[in-house]
Structure formats: structure tokens, C-alpha cells
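Participant: Have a look at this one.
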There are 2 protein chains.
Amino acid sequence: MNAIRTARERARAELTHEIKQEARRQLSEAGSAQLSLRSVARALGMASSAIYRYFPSRDELLTALILDAYDALGEAAEGADLPQAAPRERWALVCGAVREWAVAHPHEYALLYGTPVPGYRAPVETVAAGTRVLRRCGEILLAGRPLDPGLPAPLEEELDEQMRGVAEAADLGLTPEELTRLLLVWSQLFGLVTFEVFGQFNGSADPAGPLFRHAVARMADFAGLR
Amino acid sequence: MNAIRTARERARAELTHEIKQEARRQLSEAGSAQLSLRSVARALGMASSAIYRYFPSRDELLTALILDAYDALGEAAEGADLPQAAPRERWALVCGAVREWAVAHPHEYALLYGTPVPGYRAPVETVAAGTRVLRRCGEILLAGRPLDPGLPAPLEEELDEQMRGVAEAADLGLTPEELTRLLLVWSQLFGLVTFEVFGQFNGSADPAGPLFRHAVARMADFAGLR
DNA sequence: CATAAGGCAAGAGCAGTGCTCTCGTTTTAG
DNA sequence: CTAAAACGAGAGCACTGCTCTTGCCTTATG
């Protein structure tokens, strides 16, 4: 689509990549609050003003890093999945991959699931990138059909209608009841990971591995994966 | 214990309070990243250097706000609880209060459950303040005994031992199995609230009320509250 | 091939920040 | 009453994001 033609374009692409790389490096050492365009420029031996040819503002750089991080997390989750395996096994693999990636890249994870950066959020690009894990989990639920009904817990009308609309709009092929289960285990998964990465389990489930594995199984139960 | 004696002490206490108040005001408008000591000083008509007589650094101010926020959230949760009501009802009340407080004070909530501020976390004062909601939920579980056993899901040995140690150290009076359930519904509750406050449900469970109420009931199921 | 146009790096500069130090003044305690 | 401590204000340092201007160099066009 946008192939690189001239030497200038090649240089631009390389420098853009180097800037993000260095920014990611600084991010992993001190967090997004400490990330400064000037220090990135210094590390790359260029004038601070030159960075603005590549990223119009600090927030834009962060947004680019966020998109890359969503991609990396999605890649990790999808790469760990084994589409031929039993759904319950697949669920455990994806959950484990998400957790591992988050623990290995806490500051990038914080960019995605921590306090939102003031300026950015709205851009629609992030939602597509951000729902990769969710979509994959949805596919696992589909593969797990027929789901274990579990306790009878009918949806209230308002929720049922809302979920029906979302399932149709997103073309997920899930019933409102299934989508509800999906959203709940999805948020539970990231709630767990967030608590671990942000140190909320520090005095209790510390290390969090055993609790996490137990939780993954309970979430599979709840989702109805056999 | 530390009564205010002199006029100077009174003035100091008042000014400390006013600084936090103004800081909270700015926080609620733009988030912690935008909070600046200088602007707080300006709003209070004092020199920026004078603030440092009251808070030795920006991070210390933020830590003070964090402690206050933990208190406010704990107050909201405990205030909504009705110790005489049925445990399941109590659980719903506490969950609803947490959610309401979070939605009403998103930036303060972000201070507590969002990306950790680089410098602070460790201080032990925060854990006591931070576990108020957790402790209250634990009391509700206790009041709900005997809990519904639900699906048989024995704890692995490592998790069992870990939970046994924590339950004893924290003097919770819960079995390892009960504590595990508690930690899971606790993290699930805050996972849900965090997703809602940070806009992660934006294209799906939006508004999040119906899903939240459904989730609260499912968490009560899981916890074993009848 | 020459020339005009646009991309580019660099420097100076502005407004803002956290934080420190010093200097008078005021309040407290002995 | 006096010495000590607390205090407010101002200047100043090092840093930040961001803008503007200047001059160079790579493109694309005639």
C-alpha cells in the first residue's frame, strides 16, 4: 500500500522507528510521566525540535506507543492460542499470555489499562487494536459451544437489548447471554492482571500466580467452557 | 492526641486543608498529571515556595490526596452497608457505593486504582486505608456463612497455604477457600469499576449500569452468598 | 540538466514546571 | 524579654513541551 520509495522516506521510517524504540526504552525505566521528548532527542543525538517533524506532540508519541502496545499484546495473546485445542485450554493459554506480557511490560500495560492519558483516548484506531484480545476470547467462547448453562441467571431486559445490539453491531455471532459472560470474564481477567501489575495484591496474593491460575479456571467455569 | 494549641498550628492545619482542597479541585478538572504546585499556590494567592512548608514535594501532596481518597471511598462503602441486612443485599449495597463514588470522583479513583505514581506506593499507611473496602467485603462473607459451596473447586496446595497464611496474619477469620473467593470478587469488582471509569466499556457495555448490576449478582453467586 | 518546492535539522526563545536558597518578618517557647 | 523556630516572598536553577526562524539538502518538475 504505502511502499517506501525514496531514500528520504526510508530515513523517515527508520527514524520514526528509532524514536519509538528509544521512547519505549525510557518508558520501561520510569513510566509514561517521566517520558520526555527532549531526553529522547538527546539519546538520539538530535535537536529536540527535530522530533516534532515526526510526532506533532508528546501525546501523539504516546498514542503511537499505545497502538504498538495493543498490537504487541494482541500478538502475544493470539500467538499463544492454539485454535485446535480444547476451548478451556485455549482460554488458559490466552489468559496466561496476557498476564505474562503485562508482567514483562508493566509500563506499556499501564499505558493501555491504567489511568487514561488526558489528551488521547477517543481515536477510533485504538478500539480496533484494543479489542483484539476480547475478540479472540469471543471466538473461544464460540468454539466452546454448547456452553454449560451453569446457574440460571436470566438477563434483565435492558441488558439483554443492549447486548443484542452490541453483538449485532460487532458481528460477534454471540447471544446476549454469551456476550454478557464474555464481557464479565474479560473484565475479570484484566482486573486481575491490573491488580497484580499495579501491586494491589502486594500484601495478600503475592506472588499472584496461584491465585491467577485458580481464577482462570473459575472464569472458564463461569463462561461455561467444559 | 494531637490537639491544636496555638494560633499558628490552627492556621497551619487550615492552610494544609485548603491546599488539599484546591489540589483536589484541580485534580477533578484535569487529572493528576496536570496538577501543579504552582497553580495551587496561585489559586491560594501565595508564593509557590510557600507550599513546600506544608508538603515537601509534589509526590507528598499526591500521597496525602491518595490517603484522603482511600478514606472517602472506605467511608462511602461502609456508609452504604447495612450490617443488619441480608449478606447478599449488603454486597450489592457496598458494590453500588464503590461504583458511585468512583464515577463521581474519577480522577481520585484513578489515583487509587490507576497507574501507580512513580515515587510513592510503598508507604504502609496506604495499605491499611486501602483495605477498608476489602475488609468490609470479608465481613459480609463471614455474615453469609454457611456459604453456598457452589461447584467443587479445591484449592491447589500452594494457593491453600498462601491464603491460610494471609488469613491468619490479617486476622480475617476466613478459611483459605473463603479468602480466595473474597480476593476474586474483590478484584472483579474493581476490575469492572476501573473498566467503566476508564472508558474501556465505551463501545460495548455503555452505559455500564445493567452489566454492573448483573455482575454484582453473579459475584454474589460465586462468593456463595444466598 | 537546471531550478523551484518542499522536507529537514538546528538553534534561539517562550511559558511553564518542581524545587532550593536566602532574607526579612512573625510567632512561639523558655 | 530574648533566643529559637516557623513562616512568606522572591530570585534562581534545571528542566519540560512547543514554536518560529534560518539555512541546507533532497526531491520532483519543466
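By convention in this document, the chains of the C-alpha cells carry letters A, B, ... by their order, each chain's residues are numbered from 1, and ligands are numbered from 1 in the order they are shown.
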Using only C-alpha atoms (C1' of nucleotides), I'd like every residue of chain C that has an atom within 12 Å of chain A; please write them out as an mmCIF file with N, CA and C atoms (P, O5', C5', C4', C3', O3' and C1' of nucleotides), in the first residue's frame.

Facilitator:
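Final output, result-v3.cif:
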data_model
loop_
_atom_site.group_PDB
_atom_site.id
_atom_site.type_symbol
_atom_site.label_atom_id
_atom_site.label_comp_id
_atom_site.auth_asym_id
_atom_site.auth_seq_id
_atom_site.Cartn_x
_atom_site.Cartn_y
_atom_site.Cartn_z
ATOM 1 P P DG C 7 6.533 18.798 2.361
ATOM 2 O "O5'" DG C 7 7.903 18.149 2.861
ATOM 3 C "C5'" DG C 7 8.403 16.998 2.193
ATOM 4 C "C4'" DG C 7 9.773 16.645 2.737
ATOM 5 C "C3'" DG C 7 9.820 16.397 4.246
ATOM 6 O "O3'" DG C 7 10.671 15.296 4.499
ATOM 7 C "C1'" DG C 7 11.293 18.169 3.695
ATOM 8 P P DC C 8 10.773 14.676 5.962
ATOM 9 O "O5'" DC C 8 11.980 15.498 6.627
ATOM 10 C "C5'" DC C 8 13.293 15.379 6.071
ATOM 11 C "C4'" DC C 8 14.234 16.394 6.664
ATOM 12 C "C3'" DC C 8 14.214 16.497 8.188
ATOM 13 O "O3'" DC C 8 15.247 15.687 8.722
ATOM 14 C "C1'" DC C 8 14.552 18.617 7.081
ATOM 15 P P DA C 9 15.349 15.437 10.287
ATOM 16 O "O5'" DA C 9 16.476 16.471 10.734
ATOM 17 C "C5'" DA C 9 17.745 16.433 10.098
ATOM 18 C "C4'" DA C 9 18.622 17.547 10.629
ATOM 19 C "C3'" DA C 9 18.711 17.609 12.144
ATOM 20 O "O3'" DA C 9 20.056 17.855 12.529
ATOM 21 C "C1'" DA C 9 17.882 19.683 11.302
ATOM 22 P P DA C 10 20.496 17.904 14.038
ATOM 23 O "O5'" DA C 10 20.599 19.463 14.328
ATOM 24 C "C5'" DA C 10 21.287 20.290 13.408
ATOM 25 C "C4'" DA C 10 21.130 21.746 13.794
ATOM 26 C "C3'" DA C 10 21.186 22.008 15.298
ATOM 27 O "O3'" DA C 10 22.178 22.983 15.568
ATOM 28 C "C1'" DA C 10 19.296 23.063 14.342
ATOM 29 P P DG C 11 22.738 23.162 17.068
ATOM 30 O "O5'" DG C 11 22.234 24.624 17.489
ATOM 31 C "C5'" DG C 11 22.457 25.717 16.615
ATOM 32 C "C4'" DG C 11 21.457 26.809 16.926
ATOM 33 C "C3'" DG C 11 21.317 27.128 18.401
ATOM 34 O "O3'" DG C 11 21.878 28.421 18.655
ATOM 35 C "C1'" DG C 11 19.185 26.985 17.321
ATOM 36 P P DA C 12 21.907 29.033 20.153
ATOM 37 O "O5'" DA C 12 20.627 29.985 20.149
ATOM 38 C "C5'" DA C 12 20.360 30.787 19.006
ATOM 39 C "C4'" DA C 12 19.007 31.479 19.167
ATOM 40 C "C3'" DA C 12 18.739 32.007 20.586
ATOM 41 O "O3'" DA C 12 18.156 33.299 20.515
ATOM 42 C "C1'" DA C 12 17.010 30.518 19.945
#

Participant: Please list as a list in words every residue within 12 Å of Glu60 of chain B, counting only C-alpha atoms (C1' of nucleotides) and excluding residues in the same chain fewer than 3 positions away.

Facilitator: Lys20, Leu37, Ile51, Tyr52, Arg53, Tyr54, Phe55, Pro56, Ser57, Thr63, Ala64, Leu65, Ile66, Leu67, Val117, Pro118, Gly119, Tyr120, Arg121 and Pro123 of chain B

Participant: Since we have the selection now, will you write its residues out, keeping C-alpha atoms, as a tab-separated table (two decimals), in the first residue's frame?

Facilitator:
chain	number	residue	atom	x	y	z
B	20	LYS	CA	-5.51	19.79	49.58
B	37	LEU	CA	2.01	23.09	42.92
B	51	ILE	CA	3.68	25.38	49.58
B	52	TYR	CA	6.83	23.49	50.40
B	53	ARG	CA	6.41	24.43	54.04
B	54	TYR	CA	3.34	22.20	54.00
B	55	PHE	CA	4.19	19.46	51.54
B	56	PRO	CA	7.84	18.70	50.90
B	57	SER	CA	7.20	17.66	47.32
B	63	THR	CA	0.19	10.80	48.65
B	64	ALA	CA	-1.87	12.89	51.04
B	65	LEU	CA	-4.65	13.07	48.46
B	66	ILE	CA	-4.43	9.31	47.98
B	67	LEU	CA	-4.85	8.67	51.68
B	117	VAL	CA	2.52	7.28	40.82
B	118	PRO	CA	6.23	6.55	40.42
B	119	GLY	CA	7.54	7.69	43.76
B	120	TYR	CA	5.01	6.83	46.40
B	121	ARG	CA	3.34	3.44	46.70
B	123	PRO	CA	4.19	3.65	52.42

Participant: Among segment 51-203 of chain A, which ones does DSSP place in helix (DSSP H, G or I), written as a PyMOL selection string?

Facilitator: chain A and resi 51+58-80+87-104+106-113+124-130+132-143+157-169+176-197

Participant: Could you list, with a cut-off of 12 Å and counting only C-alpha atoms (C1' of nucleotides), the residues of chain D near chain B, each shown with its nearest atom pair and the distance in Å rounded to one decimal, rows sorted by chain and ascending number, as JSON lines?

Facilitator:
{"residue": "D:DA5", "atom": "C1'", "partner": "B:Arg8", "partner_atom": "CA", "distance": 11.8}
{"residue": "D:DA6", "atom": "C1'", "partner": "B:Arg8", "partner_atom": "CA", "distance": 8.7}
{"residue": "D:DC7", "atom": "C1'", "partner": "B:Arg53", "partner_atom": "CA", "distance": 8.0}
{"residue": "D:DG8", "atom": "C1'", "partner": "B:Ala50", "partner_atom": "CA", "distance": 6.2}
{"residue": "D:DA9", "atom": "C1'", "partner": "B:Ala47", "partner_atom": "CA", "distance": 6.2}
{"residue": "D:DG10", "atom": "C1'", "partner": "B:Ala47", "partner_atom": "CA", "distance": 8.5}
{"residue": "D:DA11", "atom": "C1'", "partner": "B:Ser49", "partner_atom": "CA", "distance": 11.0}

Participant: Hey, list the chain B side of the contact with chain A: 6 Å cut-off, only C-alpha atoms, answer as a ChimeraX atom specification.

Facilitator: /B:110,114-115,159,166,187-188,191-192,204,210

Participant: Those residues you just picked out, can you put them in a file as an mmCIF file, in the first residue's frame with C-alpha atoms?

Facilitator:
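Final output, out_17.cif:
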data_model
loop_
_atom_site.group_PDB
_atom_site.id
_atom_site.type_symbol
_atom_site.label_atom_id
_atom_site.label_comp_id
_atom_site.auth_asym_id
_atom_site.auth_seq_id
_atom_site.Cartn_x
_atom_site.Cartn_y
_atom_site.Cartn_z
ATOM 1 C CA ALA B 110 -7.567 6.854 39.190
ATOM 2 C CA GLY B 114 -4.994 3.594 38.113
ATOM 3 C CA THR B 115 -1.356 3.701 37.146
ATOM 4 C CA LEU B 159 -2.641 -21.395 46.991
ATOM 5 C CA VAL B 166 -2.681 -14.294 54.819
ATOM 6 C CA SER B 187 -10.617 -7.826 42.152
ATOM 7 C CA GLN B 188 -13.572 -8.438 39.866
ATOM 8 C CA GLY B 191 -11.898 -4.538 37.519
ATOM 9 C CA LEU B 192 -15.428 -3.692 36.462
ATOM 10 C CA SER B 204 -19.954 -2.191 24.401
ATOM 11 C CA PRO B 210 -27.138 -3.021 33.589
#

Participant: Excluding Ala85 of chain B and any residue of its chain fewer than 5 positions from it, enumerate the residues within 12 Å of it, using only C-alpha atoms (C1' of nucleotides), and give them as a list in words.

Facilitator: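 My reading of the contact set: Ala80, Arg90, Trp91, Ala92, Leu93, Val94, Ile140, Ala143 and Gly144 of chain B.
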
Participant: Could those selected residues go to a file with N, CA and C atoms, as a PDB file, in the first residue's frame?

Facilitator:
ATOM      1  N   ALA B  80     -22.710   2.902  53.129  1.00  0.00           N
ATOM      2  CA  ALA B  80     -23.822   2.324  52.365  1.00  0.00           C
ATOM      3  C   ALA B  80     -24.227   0.963  52.912  1.00  0.00           C
ATOM      4  N   ARG B  90     -26.304  -6.665  51.367  1.00  0.00           N
ATOM      5  CA  ARG B  90     -25.173  -5.849  51.802  1.00  0.00           C
ATOM      6  C   ARG B  90     -24.118  -5.781  50.702  1.00  0.00           C
ATOM      7  N   TRP B  91     -23.850  -6.916  50.076  1.00  0.00           N
ATOM      8  CA  TRP B  91     -22.861  -6.975  48.997  1.00  0.00           C
ATOM      9  C   TRP B  91     -23.245  -6.018  47.869  1.00  0.00           C
ATOM     10  N   ALA B  92     -24.517  -6.043  47.505  1.00  0.00           N
ATOM     11  CA  ALA B  92     -24.975  -5.157  46.435  1.00  0.00           C
ATOM     12  C   ALA B  92     -24.835  -3.694  46.838  1.00  0.00           C
ATOM     13  N   LEU B  93     -25.118  -3.399  48.091  1.00  0.00           N
ATOM     14  CA  LEU B  93     -25.020  -2.011  48.554  1.00  0.00           C
ATOM     15  C   LEU B  93     -23.583  -1.512  48.498  1.00  0.00           C
ATOM     16  N   VAL B  94     -22.672  -2.345  48.986  1.00  0.00           N
ATOM     17  CA  VAL B  94     -21.264  -1.932  49.001  1.00  0.00           C
ATOM     18  C   VAL B  94     -20.734  -1.773  47.572  1.00  0.00           C
ATOM     19  N   ILE B 140     -18.792  -9.259  55.237  1.00  0.00           N
ATOM     20  CA  ILE B 140     -20.060  -9.681  54.631  1.00  0.00           C
ATOM     21  C   ILE B 140     -20.024 -11.166  54.314  1.00  0.00           C
ATOM     22  N   ALA B 143     -20.599 -12.982  57.461  1.00  0.00           N
ATOM     23  CA  ALA B 143     -22.004 -12.920  57.850  1.00  0.00           C
ATOM     24  C   ALA B 143     -22.860 -13.833  56.980  1.00  0.00           C
ATOM     25  N   GLY B 144     -22.334 -14.201  55.836  1.00  0.00           N
ATOM     26  CA  GLY B 144     -23.098 -15.027  54.906  1.00  0.00           C
ATOM     27  C   GLY B 144     -22.940 -16.524  55.155  1.00  0.00           C
TER      28      GLY B 144
END

Participant: Would you kindly return, as a PyMOL selection string, each protein, DNA or RNA residue with an atom no farther than 12 Å from any atom of DT29 of chain D, considering only C-alpha atoms (C1' of nucleotides) and excluding same-chain residues fewer than 4 positions away?

Facilitator: chain C and resi 1-5

Participant: Would you pick out the contacts of DA4 of chain D at 12 Å or less, using only C-alpha atoms (C1' of nucleotides), so that residues sharing its chain but fewer than 2 positions from it are not included, and give the list as a ChimeraX atom specification?

Facilitator: /C:27-30 /D:2,6

Participant: Please write the residues from the selection above to a file, keeping C-alpha atoms (C1' of nucleotides), as a PDB file, in the first residue's frame.

Facilitator:
ATOM      1  C1'  DT C  27       5.092  33.804  66.328  1.00  0.00           C
ATOM      2  C1'  DT C  28       6.269  30.729  69.762  1.00  0.00           C
ATOM      3  C1'  DA C  29       8.642  28.948  73.865  1.00  0.00           C
ATOM      4  C1'  DG C  30      11.966  29.353  77.699  1.00  0.00           C
TER       5       DG C  30
ATOM      6  C1'  DT D   2      15.022  37.164  74.291  1.00  0.00           C
ATOM      7  C1'  DA D   6       8.257  28.809  61.781  1.00  0.00           C
TER       8       DA D   6
END

Participant: For atom CA of Leu61 of chain A and atom C1' of DC20 of chain D, quote the distance in Å rounded to one decimal.

Facilitator: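 Here the two named atoms are 21.7 Å from each other.
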